[in-house]
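Take a look at the structure set out below.
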Amino acid sequence: MQWYMRLIGLAVLFSCTQPAVSPAQPAHKSLRIGYTNLELVLSYLPEAQQVEQQLRTYERKVIEQLNIKQSYLQTKVEEYTELKQQGKLTPAQEEERRKEIMRLDEEIKRFQEESEQNYLKKKAELLQPVIERLQKAIDELAAAEGYDYILNNSNSTGVAFILHGPKGDDVTERLLKRLGIDTSKIQRPDSGGASSSTGAGGGTSSTPPKK
């Protein structure tokens, strides 16, 4: 069960590679393409940080419940093993205890599967407003600055989609400002410090703000 999924990973489920304005363009008009680092943007978005905290809390509660169930199962297995070795169980009692252990094991497996499904559902629900706000800001920025496409230059693993691009078309800081984020303290992957001028695409995964 993959519980320690990063919040930012879901960002790749929505694409900013779609046309930001109408795809119908005059034949003579060249496309204008911008790019941003969605990981970096999301790491500074307060709503995204709140979602991450909520998911961590949810994870902890589920893991605690799972540990309790597994501990109870282990106790039953040890009791059964000890009684059997001491010859204190009749064949009928042995069969009854084996069935109980199998039932508990199946319950744990179901709990793990259901918990993971519920986690993914909760994650999607919590992130939906964040994604919608981010997409709205991207659309508005594209319309205001005349971009036909705005691409994401990095995925959740830090693999760059854009290996090189004009600095002026990196819209990351303009997008952050549109989202109401103070960019004076933004740390870029390629800057090693405070706010840098927009850099070319091809950076590695972003570094979230230190808390």
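Labels for the structure tokens follow display order: chains A, B, ..., residues from 1 in each chain, ligands from 1.
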Residue set, stretch 13-202 of chain A restricted to helix (DSSP H, G or I), as JSON, numbers by chain: {"A": [13, 38, 39, 40, 41, 42, 43, 46, 47, 48, 49, 50, 51, 52, 53, 54, 55, 56, 57, 58, 59, 60, 61, 62, 63, 64, 65, 66, 67, 68, 69, 70, 71, 72, 73, 74, 75, 76, 77, 78, 79, 80, 81, 82, 83, 84, 85, 91, 92, 93, 94, 95, 96, 97, 98, 99, 100, 101, 102, 103, 104, 105, 106, 107, 108, 109, 110, 111, 112, 113, 114, 115, 116, 117, 118, 119, 120, 121, 122, 123, 124, 125, 126, 127, 128, 129, 130, 131, 132, 133, 134, 135, 136, 137, 138, 139, 140, 141, 142, 143, 144, 145, 167, 168, 169, 172, 173, 174, 175, 176, 177, 178, 183, 184, 185]}
Between A:Ser30, A:Gln112, A:Asn67, A:Gln54, which has the minimum distance to A:Glu125 (counting only C-alpha atoms)? A:Gln54
Interatomic distance, atom CA of A:Asp105 to atom CA of A:Lys69 (Å, one decimal): 9.0 Å
Residues within 12 Å of A:Thr81, please, as a CSV table (one decimal) with N, CA and C atoms, in the first residue's frame. Count only C-alpha atoms; anything in the same chain fewer than 6 positions from it doesn't count.
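This is the output file out.csv:
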```csv
chain,number,residue,atom,x,y,z
A,74,GLN,N,-1.5,-10.6,15.1
A,74,GLN,CA,-0.2,-11.2,15.6
A,74,GLN,C,-0.4,-11.9,17.0
A,75,THR,N,-1.2,-11.2,17.8
A,75,THR,CA,-1.5,-11.8,19.1
A,75,THR,C,-2.3,-13.1,19.0
A,87,GLY,N,-0.4,-28.6,23.3
A,87,GLY,CA,-1.4,-29.6,23.2
A,87,GLY,C,-2.7,-29.3,23.9
A,88,LYS,N,-3.0,-28.1,24.0
A,88,LYS,CA,-4.2,-27.7,24.8
A,88,LYS,C,-5.4,-27.4,23.9
A,89,LEU,N,-5.3,-27.7,22.6
A,89,LEU,CA,-6.4,-27.5,21.7
A,89,LEU,C,-6.9,-28.8,21.1
A,94,GLU,N,-8.6,-26.1,17.2
A,94,GLU,CA,-7.6,-25.7,16.2
A,94,GLU,C,-8.2,-25.1,14.9
A,97,ARG,N,-9.7,-21.7,15.5
A,97,ARG,CA,-8.7,-20.6,15.6
A,97,ARG,C,-8.1,-20.3,14.3
A,98,ARG,N,-7.8,-21.3,13.5
A,98,ARG,CA,-7.3,-21.1,12.2
A,98,ARG,C,-8.2,-20.3,11.3
A,101,ILE,N,-8.1,-16.7,12.4
A,101,ILE,CA,-6.8,-16.0,11.9
A,101,ILE,C,-7.0,-15.7,10.5
```
Quick one: everything within 10 Å of A:Val62, counting only C-alpha atoms, minus sequence neighbours fewer than 3 positions away in the same chain. Send it as a ChimeraX atom specification. /A:3,56-59,65-68,111-112,115-116,119
I'd like the interatomic distance between atom CA of A:Val51 and atom CA of A:Tyr35, to a tenth of an Å.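 Value for the atom CA of A:Val51-atom CA of A:Tyr35 distance: 24.8 Å.
Among A:Leu104, A:Lys123, A:Glu52, A:Val41, the residue with the shortest atom-to-atom distance to A:Ala137, counting only C-alpha atoms, is A:Val41.
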Please, what distance in Å, to one decimal, runs between atom CA of A:Leu151 and atom CA of A:Ile33? 7.5 Å
Skip A:Asn37 itself and residues of its chain fewer than 4 positions away, then list as a PDB file with N, CA and C atoms, in the first residue's frame all residues within 8 Å of it, counting only C-alpha atoms.
```pdb
ATOM      1  N   VAL A  41       5.213  26.080  -8.146  1.00  0.00           N
ATOM      2  CA  VAL A  41       4.030  26.910  -7.894  1.00  0.00           C
ATOM      3  C   VAL A  41       3.183  26.308  -6.779  1.00  0.00           C
ATOM      4  N   ASN A 152       4.151  22.596 -18.766  1.00  0.00           N
ATOM      5  CA  ASN A 152       4.810  22.326 -17.486  1.00  0.00           C
ATOM      6  C   ASN A 152       6.206  21.812 -17.780  1.00  0.00           C
ATOM      7  N   ASN A 153       7.224  22.449 -17.226  1.00  0.00           N
ATOM      8  CA  ASN A 153       8.593  22.059 -17.559  1.00  0.00           C
ATOM      9  C   ASN A 153       9.185  21.011 -16.632  1.00  0.00           C
ATOM     10  N   SER A 154       8.371  20.498 -15.689  1.00  0.00           N
ATOM     11  CA  SER A 154       8.884  19.461 -14.797  1.00  0.00           C
ATOM     12  C   SER A 154       7.726  18.639 -14.270  1.00  0.00           C
ATOM     13  N   THR A 172       6.586  31.356 -14.592  1.00  0.00           N
ATOM     14  CA  THR A 172       6.400  30.876 -13.216  1.00  0.00           C
ATOM     15  C   THR A 172       6.178  32.003 -12.220  1.00  0.00           C
ATOM     16  N   SER A 206      11.462  20.904  -7.780  1.00  0.00           N
ATOM     17  CA  SER A 206      11.538  22.126  -6.993  1.00  0.00           C
ATOM     18  C   SER A 206      11.750  21.823  -5.531  1.00  0.00           C
TER      19      SER A 206
END
```
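Proximity ranking of A:Val77, A:Leu83, A:Ile138, A:Ala144 relative to A:Glu100 places A:Val77 first, based on only C-alpha atoms.
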